[in-house]
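This is input-v7.txt (compact mmCIF, C-alpha atoms and all ligand atoms).
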```
# COMPACT_ATOMS: atom_id res chain seq x y z
CA MET U 1 13.81 -2.44 -21.73
CA SER U 2 15.12 -5.99 -21.91
CA ASN U 3 13.41 -9.36 -21.78
CA THR U 4 12.10 -11.09 -18.72
CA VAL U 5 13.28 -14.11 -16.74
CA ASN U 6 11.51 -17.36 -17.31
CA LEU U 7 8.87 -17.34 -14.57
CA ASP U 8 5.26 -18.49 -14.81
CA TRP U 9 3.82 -15.01 -14.28
CA SER U 10 0.24 -16.26 -14.12
CA LYS U 11 1.11 -18.43 -11.08
CA LEU U 12 2.81 -15.67 -9.09
CA GLY U 13 1.14 -14.64 -5.86
CA PHE U 14 2.25 -12.09 -3.29
CA GLY U 15 5.21 -14.00 -1.85
CA TYR U 16 8.90 -13.41 -1.37
CA ILE U 17 11.26 -14.36 -4.17
CA LYS U 18 14.92 -13.39 -4.01
CA THR U 19 15.80 -11.12 -6.90
CA ASP U 20 19.32 -10.20 -8.01
CA LEU U 21 20.20 -6.95 -6.31
CA ARG U 22 18.89 -4.67 -3.59
CA TYR U 23 19.88 -1.14 -2.52
CA VAL U 24 21.35 -0.41 0.91
CA SER U 25 22.36 2.95 2.37
CA LYS U 26 23.58 3.57 5.91
CA TRP U 27 23.11 6.62 8.12
CA LYS U 28 25.80 7.40 10.64
CA ASP U 29 27.10 10.59 12.27
CA GLY U 30 24.30 12.69 10.87
CA GLN U 31 24.33 11.62 7.23
CA TRP U 32 23.39 8.98 4.69
CA ASP U 33 26.18 7.35 2.71
CA GLU U 34 25.90 7.13 -1.04
CA GLY U 35 24.22 3.74 -0.99
CA GLN U 36 25.01 0.71 -3.13
CA LEU U 37 23.47 -2.31 -4.80
CA VAL U 38 24.32 -5.58 -3.08
CA GLU U 39 23.70 -9.24 -3.82
CA ASP U 40 23.25 -10.46 -0.25
CA ASN U 41 19.59 -10.47 0.86
CA ASN U 42 20.53 -10.81 4.56
CA LEU U 43 21.13 -7.85 6.83
CA VAL U 44 23.63 -8.20 9.64
CA ILE U 45 22.62 -5.83 12.45
CA SER U 46 23.29 -5.43 16.16
CA GLU U 47 21.17 -7.60 18.45
CA ALA U 48 20.41 -4.37 20.31
CA SER U 49 18.91 -2.57 17.28
CA THR U 50 15.88 -0.41 18.12
CA ALA U 51 14.06 -1.86 15.09
CA LEU U 52 14.08 -5.25 16.84
CA HIS U 53 12.97 -4.15 20.30
CA TYR U 54 11.09 -0.87 20.09
CA GLY U 55 9.67 -1.04 16.58
CA GLN U 56 11.73 1.91 15.35
CA GLN U 57 11.21 1.28 11.67
CA CYS U 58 8.90 2.09 8.80
CA PHE U 59 8.33 0.87 5.26
CA GLU U 60 6.69 1.58 1.93
CA GLY U 61 5.20 -0.37 -0.96
CA LEU U 62 5.03 0.63 -4.62
CA LYS U 63 5.19 -1.08 -7.99
CA ALA U 64 7.00 -0.95 -11.32
CA TYR U 65 4.82 -1.61 -14.38
CA ARG U 66 5.79 -2.74 -17.88
CA THR U 67 3.88 -0.91 -20.60
CA LYS U 68 2.68 -2.14 -23.99
CA ASP U 69 5.69 -0.56 -25.71
CA ASN U 70 8.03 -2.29 -23.24
CA LYS U 71 8.87 0.71 -21.11
CA ILE U 72 9.06 0.34 -17.35
CA GLN U 73 7.43 2.93 -15.13
CA LEU U 74 6.86 3.79 -11.48
CA PHE U 75 3.58 5.21 -10.20
CA ARG U 76 3.90 8.33 -8.00
CA PRO U 77 7.11 7.31 -6.21
CA ASP U 78 7.48 10.85 -4.85
CA GLU U 79 4.32 10.28 -2.81
CA ASN U 80 5.80 7.12 -1.28
CA ALA U 81 8.99 9.06 -0.51
CA LYS U 82 7.04 11.80 1.24
CA ARG U 83 4.98 9.29 3.22
CA LEU U 84 8.14 7.41 4.22
CA ASN U 85 9.53 10.67 5.55
CA ARG U 86 6.38 11.43 7.53
CA SER U 87 6.70 7.94 9.05
CA CYS U 88 10.41 8.58 9.78
CA ASP U 89 9.55 11.87 11.50
CA ARG U 90 6.93 10.16 13.66
CA VAL U 91 9.36 7.57 15.05
CA LEU U 92 12.43 9.85 15.16
CA MET U 93 14.37 8.44 12.24
CA PRO U 94 16.27 10.55 9.71
CA GLU U 95 14.39 11.45 6.53
CA VAL U 96 15.52 10.04 3.20
CA PRO U 97 15.72 12.83 0.60
CA VAL U 98 12.98 12.34 -2.04
CA GLU U 99 15.57 12.24 -4.88
CA LYS U 100 17.59 9.59 -3.03
CA PHE U 101 14.44 7.49 -2.51
CA ILE U 102 13.43 7.68 -6.18
CA ASP U 103 16.99 7.07 -7.34
CA ALA U 104 17.19 3.96 -5.11
CA CYS U 105 13.92 2.63 -6.57
CA ILE U 106 15.13 3.24 -10.12
CA GLN U 107 18.48 1.56 -9.43
CA VAL U 108 16.73 -1.50 -8.00
CA VAL U 109 14.28 -1.79 -10.92
CA LYS U 110 17.07 -1.41 -13.48
CA ALA U 111 19.27 -3.96 -11.72
CA ASN U 112 16.37 -6.43 -11.72
CA GLU U 113 14.63 -5.36 -14.90
CA HIS U 114 14.26 -8.91 -16.20
CA PHE U 115 12.03 -9.55 -13.16
CA VAL U 116 9.56 -6.87 -14.29
CA PRO U 117 6.67 -9.02 -15.59
CA PRO U 118 5.55 -8.70 -19.22
CA TYR U 119 2.77 -6.31 -20.18
CA GLY U 120 -0.56 -8.07 -20.25
CA SER U 121 0.28 -10.59 -17.52
CA GLY U 122 -1.25 -8.27 -14.91
CA ALA U 123 1.82 -9.00 -12.77
CA THR U 124 4.14 -6.22 -11.55
CA LEU U 125 7.43 -5.71 -9.74
CA TYR U 126 6.68 -4.78 -6.12
CA LEU U 127 9.23 -2.53 -4.40
CA ARG U 128 9.66 -2.57 -0.64
CA PRO U 129 11.63 0.42 0.68
CA PHE U 130 12.23 0.52 4.44
CA VAL U 131 14.16 2.37 7.15
CA ILE U 132 15.26 0.63 10.36
CA GLY U 133 17.01 1.80 13.52
CA VAL U 134 20.20 -0.21 14.05
CA GLY U 135 23.39 -0.15 16.14
CA ASP U 136 24.07 -0.88 19.80
CA ASN U 137 21.42 0.61 22.07
CA LEU U 138 19.56 -0.53 25.16
CA GLY U 139 17.29 2.24 26.47
CA VAL U 140 14.08 3.36 24.83
CA LYS U 141 15.56 6.05 22.63
CA PRO U 142 16.34 6.60 18.95
CA ALA U 143 19.02 4.38 17.40
CA PRO U 144 22.55 5.69 16.78
CA GLU U 145 22.51 4.39 13.19
CA PHE U 146 19.95 3.65 10.49
CA ILE U 147 19.63 1.60 7.32
CA PHE U 148 17.54 2.58 4.29
CA SER U 149 17.05 -0.30 1.91
CA VAL U 150 14.91 -1.17 -1.12
CA PHE U 151 14.31 -4.68 -2.41
CA CYS U 152 11.95 -5.91 -5.10
CA VAL U 153 9.83 -8.99 -5.78
CA PRO U 154 7.70 -9.83 -8.83
CA VAL U 155 4.08 -10.24 -7.72
CA GLY U 156 1.15 -11.75 -9.52
CA PRO U 157 -2.08 -10.15 -10.64
CA TYR U 158 -4.17 -9.68 -7.51
CA PHE U 159 -7.32 -11.11 -9.08
CA LYS U 160 -6.41 -14.27 -10.94
CA GLY U 161 -9.87 -15.16 -12.18
CA GLY U 162 -11.00 -11.57 -12.78
CA MET U 163 -11.94 -8.94 -10.24
CA ALA U 164 -14.38 -10.33 -7.66
CA PRO U 165 -16.06 -8.82 -4.57
CA VAL U 166 -15.23 -10.17 -1.10
CA ASN U 167 -16.87 -9.80 2.30
CA PHE U 168 -15.45 -8.12 5.40
CA ILE U 169 -16.39 -8.08 9.09
CA ILE U 170 -16.21 -5.14 11.50
CA SER U 171 -13.54 -5.79 14.13
CA ASP U 172 -13.95 -5.19 17.87
CA PHE U 173 -10.21 -4.48 17.97
CA ASP U 174 -8.60 -1.14 17.23
CA ARG U 175 -5.84 -0.73 14.68
CA ALA U 176 -4.40 2.55 15.94
CA ALA U 177 -5.00 4.83 18.91
CA PRO U 178 -6.33 8.38 18.48
CA TYR U 179 -3.20 10.55 18.13
CA GLY U 180 -1.18 7.33 17.81
CA THR U 181 0.77 6.04 14.81
CA GLY U 182 -2.13 5.11 12.52
CA ALA U 183 -1.12 7.62 9.84
CA ALA U 184 2.46 6.30 9.76
CA LYS U 185 3.47 3.15 7.92
CA VAL U 186 5.24 1.61 10.91
CA GLY U 187 5.48 -2.10 11.63
CA GLY U 188 3.73 -1.94 15.00
CA ASN U 189 0.43 -1.10 13.31
CA TYR U 190 0.73 -4.33 11.33
CA ALA U 191 1.84 -6.55 14.24
CA GLY U 192 -1.34 -5.47 16.05
CA SER U 193 -3.47 -6.31 13.02
CA LEU U 194 -2.33 -9.94 12.64
CA TYR U 195 -4.66 -11.33 15.30
CA PRO U 196 -7.84 -9.45 14.23
CA HIS U 197 -7.06 -10.49 10.63
CA LYS U 198 -6.74 -14.14 11.67
CA LEU U 199 -10.06 -13.98 13.53
CA ALA U 200 -11.81 -12.46 10.50
CA VAL U 201 -10.41 -15.13 8.18
CA SER U 202 -11.39 -17.92 10.58
CA LYS U 203 -14.99 -16.65 10.31
CA GLY U 204 -14.85 -16.82 6.51
CA PHE U 205 -14.14 -13.14 5.74
CA ALA U 206 -11.35 -11.71 3.60
CA ASP U 207 -10.26 -9.37 6.41
CA CYS U 208 -11.67 -7.08 9.05
CA ILE U 209 -12.67 -3.43 8.98
CA TYR U 210 -11.48 -1.17 11.80
CA LEU U 211 -13.69 1.54 13.27
CA ASP U 212 -12.42 4.81 14.72
CA PRO U 213 -10.89 3.93 18.09
CA ALA U 214 -12.48 6.79 20.04
CA THR U 215 -16.17 6.17 19.29
CA HIS U 216 -16.36 2.88 17.34
CA THR U 217 -18.96 4.40 15.04
CA LYS U 218 -16.97 5.36 11.93
CA ILE U 219 -15.20 3.24 9.33
CA GLU U 220 -11.42 3.75 9.21
CA GLU U 221 -9.40 1.05 7.43
CA VAL U 222 -10.28 -2.13 5.54
CA GLY U 223 -7.48 -4.45 6.64
CA ALA U 224 -4.39 -2.83 5.11
CA ALA U 225 -6.35 -0.71 2.64
CA ASN U 226 -8.50 2.43 2.65
CA PHE U 227 -12.31 2.40 2.27
CA PHE U 228 -14.42 4.18 -0.33
CA GLY U 229 -18.12 4.12 -1.06
CA ILE U 230 -20.22 5.31 -4.01
CA THR U 231 -23.50 6.95 -2.99
CA HIS U 232 -26.78 6.40 -4.83
CA ASP U 233 -26.29 9.78 -6.51
CA ASP U 234 -22.75 8.85 -7.66
CA LYS U 235 -20.53 10.64 -5.16
CA PHE U 236 -17.15 9.17 -4.23
CA ILE U 237 -16.92 9.14 -0.42
CA THR U 238 -13.92 8.15 1.68
CA PRO U 239 -13.28 8.42 5.43
CA LYS U 240 -11.35 11.31 6.93
CA SER U 241 -9.42 10.58 10.10
CA PRO U 242 -5.93 11.31 11.46
CA SER U 243 -5.40 7.64 12.31
CA ILE U 244 -5.87 6.26 8.78
CA LEU U 245 -2.84 5.58 6.58
CA PRO U 246 -3.11 8.15 3.75
CA SER U 247 -3.34 5.76 0.82
CA ILE U 248 -1.73 6.96 -2.40
CA THR U 249 -4.19 4.81 -4.33
CA LYS U 250 -7.09 6.49 -2.50
CA TYR U 251 -5.90 10.02 -3.32
CA SER U 252 -5.33 8.91 -6.92
CA LEU U 253 -8.88 7.51 -7.11
CA MET U 254 -10.27 10.76 -5.67
CA HIS U 255 -8.52 12.62 -8.49
CA ILE U 256 -9.75 10.13 -11.11
CA ALA U 257 -13.33 10.20 -9.78
CA LYS U 258 -13.37 13.99 -10.01
CA ASP U 259 -11.32 14.75 -13.12
CA TYR U 260 -11.80 11.66 -15.29
CA LEU U 261 -15.31 10.55 -14.27
CA GLY U 262 -16.80 13.91 -13.25
CA MET U 263 -17.97 12.68 -9.85
CA PRO U 264 -18.25 14.81 -6.70
CA VAL U 265 -15.70 13.64 -4.13
CA GLU U 266 -15.90 13.93 -0.34
CA GLU U 267 -13.49 12.95 2.42
CA ARG U 268 -15.62 12.81 5.58
CA ASP U 269 -17.02 10.57 8.31
CA VAL U 270 -18.47 7.24 7.15
CA LEU U 271 -20.85 5.94 9.81
CA VAL U 272 -21.06 2.16 10.13
CA GLU U 273 -24.77 2.53 10.93
CA LYS U 274 -25.34 4.26 7.58
CA LEU U 275 -23.89 1.81 5.08
CA ASP U 276 -27.10 1.96 3.06
CA GLU U 277 -26.07 5.40 1.79
CA PHE U 278 -23.75 3.50 -0.60
CA LYS U 279 -24.65 1.49 -3.67
CA GLU U 280 -21.05 0.29 -4.12
CA ALA U 281 -18.02 0.05 -1.85
CA GLY U 282 -14.40 -0.92 -2.19
CA ALA U 283 -11.02 -1.17 -0.50
CA CYS U 284 -8.06 0.44 -2.23
CA GLY U 285 -4.30 0.11 -2.02
CA THR U 286 -1.19 -0.61 -4.06
CA ALA U 287 -1.54 -4.40 -3.92
CA ALA U 288 -5.05 -4.82 -5.34
CA VAL U 289 -5.68 -1.33 -6.75
CA ILE U 290 -9.34 -1.92 -5.77
CA THR U 291 -10.93 -4.83 -3.95
CA PRO U 292 -14.69 -4.55 -4.42
CA ILE U 293 -16.54 -5.03 -1.14
CA GLY U 294 -19.45 -7.47 -1.54
CA GLY U 295 -20.79 -7.09 1.98
CA ILE U 296 -19.85 -6.00 5.50
CA GLU U 297 -20.92 -7.94 8.59
CA TYR U 298 -21.72 -5.78 11.59
CA ASN U 299 -23.45 -6.95 14.78
CA GLY U 300 -24.35 -10.26 13.15
CA ASN U 301 -25.96 -8.74 10.02
CA LEU U 302 -24.39 -8.82 6.56
CA HIS U 303 -24.94 -5.56 4.67
CA VAL U 304 -24.59 -6.27 0.95
CA PHE U 305 -23.76 -3.40 -1.42
CA HIS U 306 -24.01 -3.86 -5.21
CA SER U 307 -23.62 -7.66 -5.19
CA GLU U 308 -21.61 -10.40 -3.49
CA LYS U 309 -20.70 -11.79 -6.92
CA GLU U 310 -20.36 -8.92 -9.38
CA VAL U 311 -18.33 -5.74 -9.46
CA GLY U 312 -20.39 -2.54 -9.54
CA PRO U 313 -20.11 -0.39 -12.67
CA VAL U 314 -18.60 2.69 -10.97
CA THR U 315 -16.04 0.59 -9.12
CA LYS U 316 -15.12 -1.07 -12.42
CA LYS U 317 -14.64 2.30 -14.17
CA LEU U 318 -12.44 3.58 -11.34
CA TYR U 319 -10.39 0.38 -11.45
CA ASP U 320 -9.99 0.38 -15.24
CA THR U 321 -8.90 4.02 -15.31
CA LEU U 322 -6.30 3.70 -12.56
CA TYR U 323 -5.01 0.35 -13.89
CA GLY U 324 -4.82 1.93 -17.35
CA ILE U 325 -2.78 4.85 -16.03
CA GLN U 326 -0.43 2.56 -14.12
CA PHE U 327 0.26 0.36 -17.16
CA GLY U 328 0.53 3.32 -19.53
CA ASP U 329 -2.70 2.74 -21.48
CA VAL U 330 -4.51 5.82 -20.18
CA GLU U 331 -2.93 9.26 -20.09
CA ALA U 332 -1.73 10.08 -16.58
CA PRO U 333 -2.07 13.40 -14.79
CA GLU U 334 1.12 15.44 -14.91
CA GLY U 335 3.89 14.08 -12.68
CA TRP U 336 2.28 10.74 -11.79
CA ILE U 337 4.54 8.55 -13.91
CA VAL U 338 8.33 8.18 -13.63
CA GLU U 339 9.91 6.22 -16.42
CA VAL U 340 12.80 3.91 -15.50
CA LYS U 341 15.46 4.47 -18.15
C1 LIG Z 401 -2.91 0.24 6.56
C2 LIG Z 401 -2.89 0.56 5.12
N1 LIG Z 401 -3.87 1.34 4.62
C3 LIG Z 401 -3.90 1.67 3.31
C4 LIG Z 401 -2.92 1.22 2.43
C5 LIG Z 401 -2.98 1.60 0.99
O1 LIG Z 401 -2.00 2.57 0.73
P1 LIG Z 401 -1.39 2.74 -0.73
O2 LIG Z 401 -2.55 3.05 -1.62
O3 LIG Z 401 -0.48 3.90 -0.63
O4 LIG Z 401 -0.74 1.46 -1.08
C6 LIG Z 401 -1.90 0.41 2.90
C7 LIG Z 401 -0.84 -0.08 1.99
O5 LIG Z 401 0.18 0.56 1.87
C8 LIG Z 401 -1.86 0.07 4.27
O6 LIG Z 401 -0.88 -0.69 4.75
```
Any chance you could put this one into structure tokens?
Ligand SMILES: Cc1ncc(COP(=O)(O)O)c(C=O)c1O
Amino acid sequence: MSNTVNLDWSKLGFGYIKTDLRYVSKWKDGQWDEGQLVEDNNLVISEASTALHYGQQCFEGLKAYRTKDNKIQLFRPDENAKRLNRSCDRVLMPEVPVEKFIDACIQVVKANEHFVPPYGSGATLYLRPFVIGVGDNLGVKPAPEFIFSVFCVPVGPYFKGGMAPVNFIISDFDRAAPYGTGAAKVGGNYAGSLYPHKLAVSKGFADCIYLDPATHTKIEEVGAANFFGITHDDKFITPKSPSILPSITKYSLMHIAKDYLGMPVEERDVLVEKLDEFKEAGACGTAAVITPIGGIEYNGNLHVFHSEKEVGPVTKKLYDTLYGIQFGDVEAPEGWIVEVK
């Protein structure tokens, strides 16, 4: 695949940059149109769109990676497509066929391939697919029309000075109600998280950790990432709850822990009172792959895991294996990688 634009990849953060083309498809009268690539990065929609008033929308996040031999590849885009459709179902929007979703992602990467950062920079091309309810509507009901769009932005390596642990604080706020929309990637979940995030940052933490809303005893999400812990006897443990967003990174790490590192894996309750069962802990998601958790503050006490300064050895192995798979340096399980050709 071709050369890259002249950007200082090492200075890139996670911020919006307009790239050349984005994909837009419209749903009307029961079907999606074919979709097309457009230059304009503005959407013109009705002021009465349900996405604007009632939060009828959902989104996804995935990345394109440039490999050592200059190929470009997507990591498990079918899983993002399936999750987008579960989110669409939850807020009564039409599903996007998996092939259409993957085709849209491929079209966008190809049309912007010179924005895919060079191998070795640690930077990637982040793709943001989304579906929004649009068209004239006033009552609280599903929109008459929908837009499915995908845009892309080059993003920098998450850890500029090497991977480093950060501290989190348990929030008194809830992210999602029991039987609510926590498992869907819908905007409302994120609007509600802005204030607790701001509070956590103002107290010197990277973000907050949400407990289960019904009992406030179990760990659910770490900001916008899933939690995992490594027990003293080397088990990979991650919370199980219907109100957590099912992280594709988390399920990939579970597979890697079991099949690549030979670790027992359990998805089960993680009690905030029992953090000392873990020797290491981390947050996982597409953006960072893994953010090592140095410590967690709960009721005024900071519980430190491996170290506040250094990454634990198991966390490092998990990170290196997944990162290696994503950038094509480690052999991937069947079906995880889609090459953009
Ligand atoms: C609330 C929340 N949890 C977890 C994740 C991690 O999910 P994934 O690994 O699929 O990026 C994300 C990011 O998408 C998120 O927004």
List the neighbours of Gly295 (chain U) out to 12 Å using all atoms listed in the file; skip same-chain residues closer than 5 positions along the sequence, and give me the result as a PyMOL selection string. chain U and resi 165-170+205-209+229+275-276+278-283+301-311
Write a file of the selected residues as a PDB file, in the coordinates of the input, keeping C-alpha atoms.
```
ATOM      1  CA  PRO U 165     -16.060  -8.820  -4.570  1.00  0.00           C
ATOM      2  CA  VAL U 166     -15.230 -10.170  -1.100  1.00  0.00           C
ATOM      3  CA  ASN U 167     -16.870  -9.800   2.300  1.00  0.00           C
ATOM      4  CA  PHE U 168     -15.450  -8.120   5.400  1.00  0.00           C
ATOM      5  CA  ILE U 169     -16.390  -8.080   9.090  1.00  0.00           C
ATOM      6  CA  ILE U 170     -16.210  -5.140  11.500  1.00  0.00           C
ATOM      7  CA  PHE U 205     -14.140 -13.140   5.740  1.00  0.00           C
ATOM      8  CA  ALA U 206     -11.350 -11.710   3.600  1.00  0.00           C
ATOM      9  CA  ASP U 207     -10.260  -9.370   6.410  1.00  0.00           C
ATOM     10  CA  CYS U 208     -11.670  -7.080   9.050  1.00  0.00           C
ATOM     11  CA  ILE U 209     -12.670  -3.430   8.980  1.00  0.00           C
ATOM     12  CA  GLY U 229     -18.120   4.120  -1.060  1.00  0.00           C
ATOM     13  CA  LEU U 275     -23.890   1.810   5.080  1.00  0.00           C
ATOM     14  CA  ASP U 276     -27.100   1.960   3.060  1.00  0.00           C
ATOM     15  CA  PHE U 278     -23.750   3.500  -0.600  1.00  0.00           C
ATOM     16  CA  LYS U 279     -24.650   1.490  -3.670  1.00  0.00           C
ATOM     17  CA  GLU U 280     -21.050   0.290  -4.120  1.00  0.00           C
ATOM     18  CA  ALA U 281     -18.020   0.050  -1.850  1.00  0.00           C
ATOM     19  CA  GLY U 282     -14.400  -0.920  -2.190  1.00  0.00           C
ATOM     20  CA  ALA U 283     -11.020  -1.170  -0.500  1.00  0.00           C
ATOM     21  CA  ASN U 301     -25.960  -8.740  10.020  1.00  0.00           C
ATOM     22  CA  LEU U 302     -24.390  -8.820   6.560  1.00  0.00           C
ATOM     23  CA  HIS U 303     -24.940  -5.560   4.670  1.00  0.00           C
ATOM     24  CA  VAL U 304     -24.590  -6.270   0.950  1.00  0.00           C
ATOM     25  CA  PHE U 305     -23.760  -3.400  -1.420  1.00  0.00           C
ATOM     26  CA  HIS U 306     -24.010  -3.860  -5.210  1.00  0.00           C
ATOM     27  CA  SER U 307     -23.620  -7.660  -5.190  1.00  0.00           C
ATOM     28  CA  GLU U 308     -21.610 -10.400  -3.490  1.00  0.00           C
ATOM     29  CA  LYS U 309     -20.700 -11.790  -6.920  1.00  0.00           C
ATOM     30  CA  GLU U 310     -20.360  -8.920  -9.380  1.00  0.00           C
ATOM     31  CA  VAL U 311     -18.330  -5.740  -9.460  1.00  0.00           C
TER      32      VAL U 311
END
```
Counting all atoms listed in the file, figure out which residue out of U:Leu322, U:Val340, U:Ile244, U:Ile45 gets nearest to ligand LIG 401 (chain Z). U:Ile244
All residues having an atom within 8 Å of ligand LIG 401 (chain Z) (all atoms listed in the file) as a PyMOL selection string: chain U and resi 60-62+80+182+185+189-190+221-226+244-251+284-287+289
Enumerate, as a ChimeraX atom specification, the protein, DNA and RNA residues whose atoms approach (2.3, 12.2, 6.1) to within 9 Å, taking into account only C-alpha atoms and the coordinate frame of the file. /U:82-87,183-184,245-246
Only C-alpha atoms, please: the residues just picked out, written as a PDB file, in the frame of the given file.
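Written output follows (out.pdb):
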```pdb
ATOM      1  CA  LYS U  82       7.040  11.800   1.240  1.00  0.00           C
ATOM      2  CA  ARG U  83       4.980   9.290   3.220  1.00  0.00           C
ATOM      3  CA  LEU U  84       8.140   7.410   4.220  1.00  0.00           C
ATOM      4  CA  ASN U  85       9.530  10.670   5.550  1.00  0.00           C
ATOM      5  CA  ARG U  86       6.380  11.430   7.530  1.00  0.00           C
ATOM      6  CA  SER U  87       6.700   7.940   9.050  1.00  0.00           C
ATOM      7  CA  ALA U 183      -1.120   7.620   9.840  1.00  0.00           C
ATOM      8  CA  ALA U 184       2.460   6.300   9.760  1.00  0.00           C
ATOM      9  CA  LEU U 245      -2.840   5.580   6.580  1.00  0.00           C
ATOM     10  CA  PRO U 246      -3.110   8.150   3.750  1.00  0.00           C
TER      11      PRO U 246
END
```
Please list as JSON, numbers by chain every residue within 12 Å of Ala64 (chain U), counting all atoms listed in the file and excluding residues in the same chain fewer than 4 positions away. {"U": [71, 72, 73, 74, 75, 76, 77, 102, 105, 106, 107, 108, 109, 110, 112, 113, 114, 115, 116, 117, 118, 119, 122, 123, 124, 125, 126, 127, 128, 152, 153, 154, 155, 286, 287, 326, 327, 328, 337, 338, 339, 340]}
What lies within 6 Å of Lys235 (chain U) using all atoms listed in the file, ignoring chain neighbours under 6 positions off, as JSON, numbers by chain? {"U": [263, 264, 265]}
Please measure the separation of CA of Lys141 (chain U) and CA of Lys26 (chain U), giving the value in Å to one decimal.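 Going from CA of Lys141 (chain U) over to CA of Lys26 (chain U), I get 18.7 Å.
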Using only C-alpha atoms, pick whichever of U:Ile230, U:Phe151, U:Tyr210, U:Ala143 has the shortest atom-to-atom distance to Phe173 (chain U).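 Residue with the minimum atom-to-atom distance to Phe173 (chain U): U:Tyr210.
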Between CA of Glu79 (chain U) and CA of Ile237 (chain U), what is the distance, to one decimal in Å?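 Distance between the two atoms: 21.4 Å.
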Which residue, U:Pro333, U:Gly120, U:Tyr179, U:Tyr158, has the smallest gap to Arg90 (chain U) when you use all atoms listed in the file?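 With all atoms listed in the file as the atom set, the closest residue is U:Tyr179.
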Non-local contacts of Val91 (chain U) (9 Å; all atoms listed in the file; under 2 positions in same chain excluded) as a compact mmCIF listing (two decimals) with C-alpha atoms, in the coordinates of the input:
```txt
# COMPACT_ATOMS: atom_id res chain seq x y z
CA GLY U 55 9.67 -1.04 16.58
CA GLN U 56 11.73 1.91 15.35
CA GLN U 57 11.21 1.28 11.67
CA CYS U 58 8.90 2.09 8.80
CA ARG U 86 6.38 11.43 7.53
CA SER U 87 6.70 7.94 9.05
CA CYS U 88 10.41 8.58 9.78
CA ASP U 89 9.55 11.87 11.50
CA MET U 93 14.37 8.44 12.24
CA PRO U 142 16.34 6.60 18.95
CA THR U 181 0.77 6.04 14.81
CA ALA U 184 2.46 6.30 9.76
CA VAL U 186 5.24 1.61 10.91
```
Considering only C-alpha atoms, can you say which of U:Ser49, U:Thr4, U:Thr291, U:Ser193 comes closest to Phe228 (chain U)? U:Thr291
Given only C-alpha atoms as the basis, pick out the residue of U:Ser243, U:Ser202, U:Asn41, U:Thr217 nearest to Asp269 (chain U).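 Once distances to Asp269 (chain U) are computed over only C-alpha atoms, the minimum belongs to U:Thr217.
Residue nearest Gly13 (chain U) within the list U:Ile293, U:Ala51, U:Ala191, U:Ala288: U:Ala288 [criterion: smallest interatomic distance, all atoms listed in the file].
In this structure, CA of Ala176 (chain U) sits 13.5 Å away from CA of Lys218 (chain U).
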All residues 9 Å or closer to Gly192 (chain U), all atoms listed in the file, same chain fewer than 3 positions away omitted, as a list of chain:residue names: U:Asp174, U:Arg175, U:Ala176, U:Gly187, U:Gly188, U:Asn189, U:Tyr195, U:Pro196
